[in-house]
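K.L.:
I am sharing data.cif, which consists of mmCIF, C-alpha atoms:
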```cif
data_entry
loop_
_atom_site.group_PDB
_atom_site.id
_atom_site.type_symbol
_atom_site.label_atom_id
_atom_site.label_comp_id
_atom_site.auth_asym_id
_atom_site.auth_seq_id
_atom_site.Cartn_x
_atom_site.Cartn_y
_atom_site.Cartn_z
ATOM 1 C CA MET A 229 -2.369 12.438 -38.956
ATOM 2 C CA ASN A 230 -4.518 9.711 -40.517
ATOM 3 C CA GLN A 231 -7.908 10.720 -41.904
ATOM 4 C CA ALA A 232 -9.434 7.240 -42.154
ATOM 5 C CA PRO A 233 -11.363 6.061 -39.053
ATOM 6 C CA VAL A 234 -9.501 3.682 -36.738
ATOM 7 C CA THR A 235 -11.411 0.927 -34.903
ATOM 8 C CA VAL A 236 -10.000 -0.911 -31.894
ATOM 9 C CA ARG A 237 -11.492 -4.056 -30.370
ATOM 10 C CA VAL A 238 -11.145 -4.422 -26.574
ATOM 11 C CA PRO A 239 -12.031 -7.369 -24.305
ATOM 12 C CA ALA A 240 -13.989 -7.673 -21.087
ATOM 13 C CA LYS A 241 -12.276 -9.181 -18.052
ATOM 14 C CA VAL A 242 -13.093 -11.552 -15.260
ATOM 15 C CA ASN A 243 -11.213 -11.558 -11.963
ATOM 16 C CA VAL A 244 -10.375 -15.175 -11.206
ATOM 17 C CA GLN A 245 -8.877 -13.956 -7.937
ATOM 18 C CA LEU A 246 -9.662 -10.617 -6.336
ATOM 19 C CA ALA A 247 -7.881 -10.372 -2.976
ATOM 20 C CA VAL A 248 -8.564 -7.015 -1.281
ATOM 21 C CA GLY A 249 -6.594 -5.508 1.590
ATOM 22 C CA GLY A 250 -7.656 -2.840 4.058
ATOM 23 C CA VAL A 251 -8.230 0.698 2.801
ATOM 24 C CA ARG A 252 -5.037 2.779 2.335
ATOM 25 C CA PRO A 253 -4.620 6.408 3.440
ATOM 26 C CA ASP A 254 -5.215 7.503 -0.183
ATOM 27 C CA GLY A 255 -8.616 5.773 -0.184
ATOM 28 C CA PHE A 256 -7.580 2.896 -2.435
ATOM 29 C CA HIS A 257 -7.283 -0.749 -1.402
ATOM 30 C CA PRO A 258 -4.177 -2.868 -2.034
ATOM 31 C CA LEU A 259 -5.080 -5.727 -4.358
ATOM 32 C CA ALA A 260 -3.839 -9.046 -5.646
ATOM 33 C CA ASN A 261 -5.979 -9.110 -8.744
ATOM 34 C CA VAL A 262 -5.664 -11.972 -11.231
ATOM 35 C CA PHE A 263 -7.208 -10.769 -14.476
ATOM 36 C CA LEU A 264 -8.319 -12.959 -17.360
ATOM 37 C CA ALA A 265 -9.481 -11.281 -20.585
ATOM 38 C CA VAL A 266 -12.594 -12.908 -22.035
ATOM 39 C CA GLY A 267 -14.093 -12.948 -25.515
ATOM 40 C CA LEU A 268 -16.806 -10.323 -25.020
ATOM 41 C CA HIS A 269 -15.748 -7.110 -26.727
ATOM 42 C CA ASP A 270 -16.489 -3.425 -27.194
ATOM 43 C CA GLU A 271 -15.274 -1.622 -30.305
ATOM 44 C CA VAL A 272 -14.103 1.998 -30.206
ATOM 45 C CA THR A 273 -13.856 3.918 -33.489
ATOM 46 C CA ALA A 274 -11.903 7.187 -33.672
ATOM 47 C CA THR A 275 -12.703 9.604 -36.524
ATOM 48 C CA PRO A 276 -11.275 13.110 -37.116
ATOM 49 C CA ALA A 277 -13.685 15.814 -35.877
ATOM 50 C CA ASP A 278 -13.826 19.525 -35.025
ATOM 51 C CA SER A 279 -13.984 18.786 -31.299
ATOM 52 C CA LEU A 280 -14.119 15.869 -28.847
ATOM 53 C CA ARG A 281 -17.428 14.019 -29.184
ATOM 54 C CA ILE A 282 -18.662 10.664 -27.820
ATOM 55 C CA THR A 283 -21.459 8.477 -29.172
ATOM 56 C CA CYS A 284 -22.471 5.022 -28.036
ATOM 57 C CA THR A 285 -24.698 2.189 -29.251
ATOM 58 C CA GLY A 286 -25.446 -1.319 -28.005
ATOM 59 C CA PRO A 287 -26.880 -2.925 -24.853
ATOM 60 C CA GLY A 288 -26.874 -0.463 -21.940
ATOM 61 C CA ALA A 289 -25.774 2.463 -24.132
ATOM 62 C CA ASP A 290 -28.326 4.721 -22.428
ATOM 63 C CA ARG A 291 -26.296 4.378 -19.198
ATOM 64 C CA VAL A 292 -22.967 5.414 -20.755
ATOM 65 C CA PRO A 293 -22.021 9.093 -20.146
ATOM 66 C CA LEU A 294 -21.420 11.028 -23.360
ATOM 67 C CA ASP A 295 -19.519 13.951 -21.819
ATOM 68 C CA ALA A 296 -16.001 14.637 -20.559
ATOM 69 C CA THR A 297 -16.486 12.223 -17.631
ATOM 70 C CA ASN A 298 -16.475 9.245 -20.016
ATOM 71 C CA LEU A 299 -13.211 7.319 -19.554
ATOM 72 C CA ALA A 300 -12.734 7.103 -23.332
ATOM 73 C CA ALA A 301 -12.978 10.907 -23.583
ATOM 74 C CA ARG A 302 -10.500 11.275 -20.723
ATOM 75 C CA ALA A 303 -8.112 8.872 -22.485
ATOM 76 C CA ALA A 304 -8.229 10.894 -25.711
ATOM 77 C CA SER A 305 -7.671 14.131 -23.790
ATOM 78 C CA ALA A 306 -4.718 12.693 -21.859
ATOM 79 C CA LEU A 307 -3.016 11.460 -25.031
ATOM 80 C CA ALA A 308 -3.616 14.804 -26.767
ATOM 81 C CA ARG A 309 -2.090 16.661 -23.789
ATOM 82 C CA LEU A 310 0.988 14.431 -23.875
ATOM 83 C CA HIS A 311 1.626 15.362 -27.512
ATOM 84 C CA GLY A 312 0.492 19.006 -27.396
ATOM 85 C CA LEU A 313 -2.538 18.337 -29.577
ATOM 86 C CA SER A 314 -6.183 19.332 -29.370
ATOM 87 C CA PRO A 315 -8.382 16.249 -28.759
ATOM 88 C CA ASP A 316 -10.460 16.790 -31.891
ATOM 89 C CA VAL A 317 -11.933 13.348 -32.374
ATOM 90 C CA HIS A 318 -15.284 11.617 -32.592
ATOM 91 C CA LEU A 319 -15.195 8.445 -30.501
ATOM 92 C CA HIS A 320 -17.951 5.954 -31.201
ATOM 93 C CA ILE A 321 -18.320 3.114 -28.702
ATOM 94 C CA ALA A 322 -20.120 -0.031 -29.868
ATOM 95 C CA LYS A 323 -21.004 -1.742 -26.571
ATOM 96 C CA ASP A 324 -21.188 -5.464 -26.047
ATOM 97 C CA ILE A 325 -19.539 -5.655 -22.609
ATOM 98 C CA PRO A 326 -22.175 -5.274 -19.850
ATOM 99 C CA VAL A 327 -22.391 -1.678 -18.558
ATOM 100 C CA ALA A 328 -21.545 -1.225 -14.835
ATOM 101 C CA GLY A 329 -21.305 -5.010 -14.657
ATOM 102 C CA GLY A 330 -17.921 -5.617 -13.008
ATOM 103 C CA MET A 331 -16.300 -6.622 -16.322
ATOM 104 C CA ALA A 332 -14.300 -3.414 -16.906
ATOM 105 C CA GLY A 333 -16.353 -2.154 -19.858
ATOM 106 C CA GLY A 334 -15.538 1.500 -19.177
ATOM 107 C CA SER A 335 -11.870 0.648 -18.714
ATOM 108 C CA ALA A 336 -11.903 -1.304 -21.969
ATOM 109 C CA ASP A 337 -13.346 1.719 -23.774
ATOM 110 C CA ALA A 338 -10.597 3.928 -22.335
ATOM 111 C CA ALA A 339 -7.866 1.556 -23.540
ATOM 112 C CA GLY A 340 -9.578 1.270 -26.925
ATOM 113 C CA ALA A 341 -9.840 5.040 -27.304
ATOM 114 C CA LEU A 342 -6.205 5.504 -26.305
ATOM 115 C CA LEU A 343 -4.927 3.053 -28.928
ATOM 116 C CA ALA A 344 -7.352 4.276 -31.613
ATOM 117 C CA CYS A 345 -6.325 7.919 -31.114
ATOM 118 C CA ASP A 346 -2.627 6.995 -31.050
ATOM 119 C CA VAL A 347 -3.028 5.371 -34.478
ATOM 120 C CA LEU A 348 -5.359 8.086 -35.830
ATOM 121 C CA TRP A 349 -3.037 10.901 -34.760
ATOM 122 C CA ALA A 350 0.112 8.938 -35.774
ATOM 123 C CA THR A 351 1.675 9.816 -32.416
ATOM 124 C CA ALA A 352 3.495 6.445 -32.060
ATOM 125 C CA THR A 353 3.452 6.659 -28.259
ATOM 126 C CA PRO A 354 5.767 4.111 -26.575
ATOM 127 C CA ARG A 355 3.882 1.252 -24.925
ATOM 128 C CA GLU A 356 5.130 2.200 -21.440
ATOM 129 C CA GLN A 357 3.750 5.738 -21.824
ATOM 130 C CA LEU A 358 0.389 4.348 -22.948
ATOM 131 C CA LEU A 359 0.364 2.122 -19.854
ATOM 132 C CA ASP A 360 1.202 5.116 -17.639
ATOM 133 C CA ILE A 361 -1.799 6.998 -19.047
ATOM 134 C CA CYS A 362 -3.934 3.885 -18.506
ATOM 135 C CA ALA A 363 -2.870 3.685 -14.851
ATOM 136 C CA GLU A 364 -3.788 7.353 -14.315
ATOM 137 C CA LEU A 365 -7.250 6.716 -15.764
ATOM 138 C CA GLY A 366 -8.122 3.730 -13.574
ATOM 139 C CA SER A 367 -6.930 0.523 -11.957
ATOM 140 C CA ASP A 368 -8.376 -1.800 -14.629
ATOM 141 C CA VAL A 369 -7.396 0.228 -17.709
ATOM 142 C CA PRO A 370 -3.818 -1.082 -18.115
ATOM 143 C CA PHE A 371 -5.067 -4.676 -18.262
ATOM 144 C CA SER A 372 -7.651 -3.750 -20.906
ATOM 145 C CA LEU A 373 -4.761 -2.617 -23.098
ATOM 146 C CA VAL A 374 -2.635 -5.727 -22.414
ATOM 147 C CA GLY A 375 -5.241 -8.540 -22.286
ATOM 148 C CA GLY A 376 -4.398 -12.219 -21.881
ATOM 149 C CA ALA A 377 -3.861 -13.018 -18.217
ATOM 150 C CA ALA A 378 -2.034 -10.919 -15.631
ATOM 151 C CA LEU A 379 -1.536 -10.349 -11.930
ATOM 152 C CA GLY A 380 -2.297 -6.778 -10.899
ATOM 153 C CA VAL A 381 -0.903 -5.470 -7.619
ATOM 154 C CA GLY A 382 -0.840 -2.030 -5.987
ATOM 155 C CA ARG A 383 -4.389 -0.909 -6.728
ATOM 156 C CA GLY A 384 -4.408 -3.397 -9.623
ATOM 157 C CA GLU A 385 -2.534 -1.292 -12.158
ATOM 158 C CA GLN A 386 0.957 -2.830 -11.733
ATOM 159 C CA LEU A 387 0.801 -5.821 -14.078
ATOM 160 C CA THR A 388 2.790 -9.024 -14.456
ATOM 161 C CA PRO A 389 1.728 -11.200 -17.432
ATOM 162 C CA LEU A 390 0.761 -14.767 -16.531
ATOM 163 C CA PRO A 391 1.035 -17.933 -18.663
ATOM 164 C CA VAL A 392 -2.179 -19.823 -19.479
ATOM 165 C CA GLY A 393 -1.963 -23.413 -20.660
ATOM 166 C CA GLY A 394 -4.258 -25.605 -22.708
ATOM 167 C CA PRO A 395 -6.916 -24.463 -25.170
ATOM 168 C CA GLY A 396 -8.374 -21.922 -22.716
ATOM 169 C CA PHE A 397 -11.299 -21.730 -20.310
ATOM 170 C CA HIS A 398 -15.047 -21.650 -21.006
ATOM 171 C CA TRP A 399 -17.323 -19.234 -19.124
ATOM 172 C CA VAL A 400 -20.880 -18.025 -18.950
ATOM 173 C CA PHE A 401 -21.640 -14.484 -17.775
ATOM 174 C CA ALA A 402 -25.090 -13.682 -16.404
ATOM 175 C CA VAL A 403 -25.967 -10.012 -16.875
ATOM 176 C CA ALA A 404 -28.052 -8.545 -14.053
ATOM 177 C CA ASP A 405 -30.785 -5.959 -14.452
ATOM 178 C CA GLY A 406 -29.068 -2.639 -13.640
ATOM 179 C CA GLY A 407 -25.549 -1.966 -12.408
ATOM 180 C CA LEU A 408 -23.617 -1.795 -9.157
ATOM 181 C CA SER A 409 -21.358 1.122 -8.264
ATOM 182 C CA THR A 410 -17.770 -0.031 -7.720
ATOM 183 C CA PRO A 411 -17.162 2.653 -5.016
ATOM 184 C CA ALA A 412 -20.362 1.537 -3.250
ATOM 185 C CA VAL A 413 -19.203 -2.099 -3.249
ATOM 186 C CA TYR A 414 -15.804 -1.137 -1.825
ATOM 187 C CA GLY A 415 -17.605 0.991 0.770
ATOM 188 C CA GLU A 416 -19.693 -2.018 1.757
ATOM 189 C CA PHE A 417 -16.528 -4.137 1.915
ATOM 190 C CA ASP A 418 -15.084 -1.572 4.364
ATOM 191 C CA ARG A 419 -18.288 -1.686 6.431
ATOM 192 C CA LEU A 420 -18.336 -5.491 6.554
ATOM 193 C CA THR A 421 -14.638 -5.717 7.508
ATOM 194 C CA ALA A 422 -14.625 -2.807 9.996
ATOM 195 C CA GLY A 423 -12.740 -3.832 13.133
ATOM 196 C CA LEU A 424 -11.427 -7.020 11.507
ATOM 197 C CA ALA A 425 -7.800 -7.794 10.684
ATOM 198 C CA VAL A 426 -7.802 -7.725 6.870
ATOM 199 C CA PRO A 427 -4.782 -9.710 5.604
ATOM 200 C CA GLU A 428 -2.405 -8.362 2.996
ATOM 201 C CA PRO A 429 -3.563 -9.585 -0.413
ATOM 202 C CA GLU A 430 -1.462 -12.297 -2.065
ATOM 203 C CA ALA A 431 -1.890 -14.234 -5.289
ATOM 204 C CA SER A 432 -2.891 -17.871 -4.779
ATOM 205 C CA ASP A 433 -0.216 -20.358 -5.854
ATOM 206 C CA ALA A 434 -2.928 -22.951 -6.542
ATOM 207 C CA LEU A 435 -4.782 -20.557 -8.822
ATOM 208 C CA LEU A 436 -1.665 -19.495 -10.719
ATOM 209 C CA GLY A 437 -0.784 -23.164 -11.165
ATOM 210 C CA ALA A 438 -4.266 -23.963 -12.510
ATOM 211 C CA LEU A 439 -3.951 -21.165 -15.061
ATOM 212 C CA ARG A 440 -0.489 -22.356 -16.070
ATOM 213 C CA THR A 441 -1.656 -25.947 -16.670
ATOM 214 C CA GLY A 442 -5.048 -25.006 -18.154
ATOM 215 C CA ASP A 443 -6.849 -27.194 -15.587
ATOM 216 C CA ALA A 444 -10.463 -25.945 -15.338
ATOM 217 C CA THR A 445 -11.329 -28.152 -12.354
ATOM 218 C CA ALA A 446 -8.327 -26.885 -10.381
ATOM 219 C CA LEU A 447 -9.100 -23.299 -11.365
ATOM 220 C CA ALA A 448 -12.709 -23.743 -10.210
ATOM 221 C CA ALA A 449 -11.492 -24.860 -6.770
ATOM 222 C CA ALA A 450 -9.237 -21.778 -6.465
ATOM 223 C CA LEU A 451 -11.568 -18.963 -7.640
ATOM 224 C CA THR A 452 -12.056 -16.244 -4.995
ATOM 225 C CA ASN A 453 -13.503 -12.726 -4.855
ATOM 226 C CA ASP A 454 -13.164 -10.751 -1.633
ATOM 227 C CA LEU A 455 -15.789 -8.282 -2.903
ATOM 228 C CA GLN A 456 -18.445 -10.963 -3.372
ATOM 229 C CA ALA A 457 -19.902 -10.677 0.135
ATOM 230 C CA ALA A 458 -20.216 -6.895 -0.286
ATOM 231 C CA ALA A 459 -21.872 -7.249 -3.703
ATOM 232 C CA LEU A 460 -24.335 -9.821 -2.295
ATOM 233 C CA SER A 461 -25.050 -7.566 0.674
ATOM 234 C CA LEU A 462 -26.032 -4.736 -1.688
ATOM 235 C CA ARG A 463 -27.804 -7.043 -4.176
ATOM 236 C CA PRO A 464 -29.029 -10.189 -2.314
ATOM 237 C CA SER A 465 -30.863 -11.461 -5.418
ATOM 238 C CA LEU A 466 -27.485 -12.351 -6.975
ATOM 239 C CA ALA A 467 -27.354 -15.364 -4.653
ATOM 240 C CA ASP A 468 -30.303 -16.862 -6.572
ATOM 241 C CA THR A 469 -28.508 -16.375 -9.879
ATOM 242 C CA LEU A 470 -25.339 -18.015 -8.539
ATOM 243 C CA ALA A 471 -27.396 -20.973 -7.261
ATOM 244 C CA VAL A 472 -29.050 -21.497 -10.670
ATOM 245 C CA GLY A 473 -25.719 -21.632 -12.484
ATOM 246 C CA THR A 474 -24.232 -24.031 -9.940
ATOM 247 C CA LYS A 475 -27.253 -26.338 -10.109
ATOM 248 C CA ALA A 476 -27.041 -26.313 -13.929
ATOM 249 C CA GLY A 477 -23.554 -27.811 -13.776
ATOM 250 C CA ALA A 478 -21.050 -24.947 -13.558
ATOM 251 C CA LEU A 479 -17.724 -25.994 -12.037
ATOM 252 C CA ALA A 480 -17.728 -22.768 -10.019
ATOM 253 C CA ALA A 481 -19.750 -19.562 -9.743
ATOM 254 C CA LEU A 482 -18.748 -16.140 -8.468
ATOM 255 C CA VAL A 483 -19.550 -12.459 -8.742
ATOM 256 C CA SER A 484 -17.395 -10.841 -11.443
ATOM 257 C CA GLY A 485 -15.307 -8.087 -9.852
ATOM 258 C CA SER A 486 -17.602 -5.634 -8.054
ATOM 259 C CA GLY A 487 -20.658 -7.126 -9.826
ATOM 260 C CA PRO A 488 -23.482 -7.394 -10.507
ATOM 261 C CA THR A 489 -22.509 -9.653 -13.453
ATOM 262 C CA THR A 490 -21.955 -13.215 -12.229
ATOM 263 C CA ALA A 491 -19.437 -15.603 -13.798
ATOM 264 C CA TYR A 492 -19.647 -19.376 -14.230
ATOM 265 C CA LEU A 493 -16.621 -21.492 -15.098
ATOM 266 C CA VAL A 494 -17.692 -24.555 -17.114
ATOM 267 C CA GLN A 495 -15.985 -27.578 -18.646
ATOM 268 C CA ASP A 496 -16.598 -26.941 -22.357
ATOM 269 C CA ALA A 497 -18.750 -25.163 -24.950
ATOM 270 C CA GLU A 498 -21.590 -27.668 -24.572
ATOM 271 C CA ALA A 499 -21.730 -27.135 -20.807
ATOM 272 C CA ALA A 500 -21.629 -23.367 -21.388
ATOM 273 C CA GLN A 501 -24.756 -23.538 -23.510
ATOM 274 C CA ARG A 502 -26.573 -25.679 -20.912
ATOM 275 C CA VAL A 503 -25.719 -23.258 -18.106
ATOM 276 C CA ALA A 504 -26.611 -20.212 -20.221
ATOM 277 C CA ASP A 505 -29.981 -21.743 -21.128
ATOM 278 C CA ALA A 506 -30.752 -22.534 -17.472
ATOM 279 C CA LEU A 507 -29.803 -19.035 -16.337
ATOM 280 C CA LEU A 508 -32.008 -17.399 -18.962
ATOM 281 C CA ALA A 509 -34.927 -19.709 -18.228
ATOM 282 C CA SER A 510 -34.681 -18.934 -14.495
ATOM 283 C CA GLY A 511 -35.541 -15.265 -14.974
ATOM 284 C CA THR A 512 -32.791 -14.272 -12.516
ATOM 285 C CA CYS A 513 -30.790 -12.385 -15.175
ATOM 286 C CA VAL A 514 -31.468 -10.398 -18.349
ATOM 287 C CA ALA A 515 -28.821 -12.128 -20.517
ATOM 288 C CA ALA A 516 -26.443 -15.088 -20.298
ATOM 289 C CA ARG A 517 -23.348 -14.890 -22.482
ATOM 290 C CA PRO A 518 -20.919 -17.768 -23.138
ATOM 291 C CA ALA A 519 -17.320 -16.660 -23.737
ATOM 292 C CA VAL A 520 -13.829 -18.154 -23.902
ATOM 293 C CA SER A 521 -10.632 -16.909 -22.245
ATOM 294 C CA PRO A 522 -7.948 -15.734 -22.495
ATOM 295 C CA ALA A 523 -8.535 -13.063 -25.150
ATOM 296 C CA ALA A 524 -6.156 -10.576 -26.756
ATOM 297 C CA GLY A 525 -5.940 -7.033 -25.393
ATOM 298 C CA ALA A 526 -6.803 -3.867 -27.317
ATOM 299 C CA THR A 527 -6.305 -4.598 -31.025
ATOM 300 C CA VAL A 528 -6.713 -2.469 -34.148
ATOM 301 C CA VAL A 529 -9.189 -4.135 -36.519
#
```
Written as structure tokens, how would this file's structure read?
P.N.:
Amino acid sequence: MNQAPVTVRVPAKVNVQLAVGGVRPDGFHPLANVFLAVGLHDEVTATPADSLRITCTGPGADRVPLDATNLAARAASALARLHGLSPDVHLHIAKDIPVAGGMAGGSADAAGALLACDVLWATATPREQLLDICAELGSDVPFSLVGGAALGVGRGEQLTPLPVGGPGFHWVFAVADGGLSTPAVYGEFDRLTAGLAVPEPEASDALLGALRTGDATALAAALTNDLQAAALSLRPSLADTLAVGTKAGALAALVSGSGPTTAYLVQDAEAAQRVADALLASGTCVAARPAVSPAAGATVV
């Protein structure tokens, strides 16, 4: 076992397509979920300790649970169980991904903790086993480990890497005041679609092609989020934020995942700054963060 602390950097994600099917008997929804990792990061540091302990700093840290329900704690415990170890580790999470914002911050922390503990404990767990643990922890956790771009099917955990062309895509993310519960948004989706024929989710060929060629204009035309109507139903004020970003010149605007963070695809870094400035000046969000995608997955730093 290593004694020196191990720090892992993990990216946020945006769903450039989130196609949601009707609820399954197990309570989950089938998805066609096109993930893109973006350059907003949390860092998880694992240090030897007498018992499992979680600390957290950064924006929204007061809303991060510091007990066994934290996904990072559950990741450490799952890895320890696999190898017959006691999960004696101090995990410190340095937050920069919005909390409860639809950008998979908790999932990123779980993937970061898993990799950090694997290095700290020198357990050399095969990648496939790490991904299996990720899938048990949550639908978005495997992608947080992998990064880049990927299509997630099933409940989002079955990943196929996707090629991304060009120099990458520029985004702005508007952070809302407070969070939105992912289960509540799915519940609202079920309410809004009750009695309707919900089609089986499929990845969009146009969207996959836009990613492959690196064409921001084509990607903007193909962005979709089946949870957006539910998020707007629960948080109508997000419509004002989306309108501000669009008026400021974004190529496209959408709710990120289950929200309430909203995402704006823009042409370049200069446009990103213009849109971010307009969003902040509007008072419809508490922060506006430019970022570039794709980004690498969980990485030891």
K.L.:
Which value, in Å to one decimal, gives the distance between atom CA of Ala344 of chain A and atom CA of Ala304 of chain A?
P.N.:
8.9 Å
K.L.:
Which protein, DNA or RNA residues are at most 12 Å from (-3.0, 4.9, -13.2) in the file's coordinates when you count all atoms listed in the file, listed as a VMD selection string?
P.N.:
chain A and resid 256 303 306 335 338 to 339 356 to 371 380 to 387
K.L.:
To verify the selection step, state as a ChimeraX atom specification which residues the PyMOL selection byres ((chain A and resi 237) around 12) yields on this input.
P.N.:
/A:234-236,238-240,267-274,320-325,333,336-344,372-373,375,523-529
K.L.:
So how far away is atom CA of Lys241 of chain A from atom CA of Val403 of chain A, in Å?
P.N.:
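These two atoms are separated by 13.8 Å.
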K.L.:
Take the point (-28.1, -3.4, -15.2) in the file's coordinates, draw a sphere of radius 10 Å around it, and report as a list in words every protein, DNA or RNA residue with an atom inside or on it, counting only C-alpha atoms.
P.N.:
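Protein, DNA and RNA residues close to (-28.1, -3.4, -15.2): Pro287, Gly288, Arg291, Pro326, Val327, Ala328, Gly329, Val403, Ala404, Asp405, Gly406, Gly407, Leu408, Gly487, Pro488, Thr489, Cys513 and Val514 of chain A.
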K.L.:
Take atom CA of Ala247 of chain A and atom CA of Arg302 of chain A and report the distance between them in Å, one decimal.
P.N.:
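So the two atoms, atom CA of Ala247 of chain A and atom CA of Arg302 of chain A, lie 28.1 Å apart.
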K.L.:
Name the closest residue to His257 of chain A among the candidates A:Ala402, A:Ala497, A:Leu455, A:Ala446; distances are taken between atoms, counting all atoms listed in the file.
P.N.:
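The answer is A:Leu455, which sits nearest to His257 of chain A.
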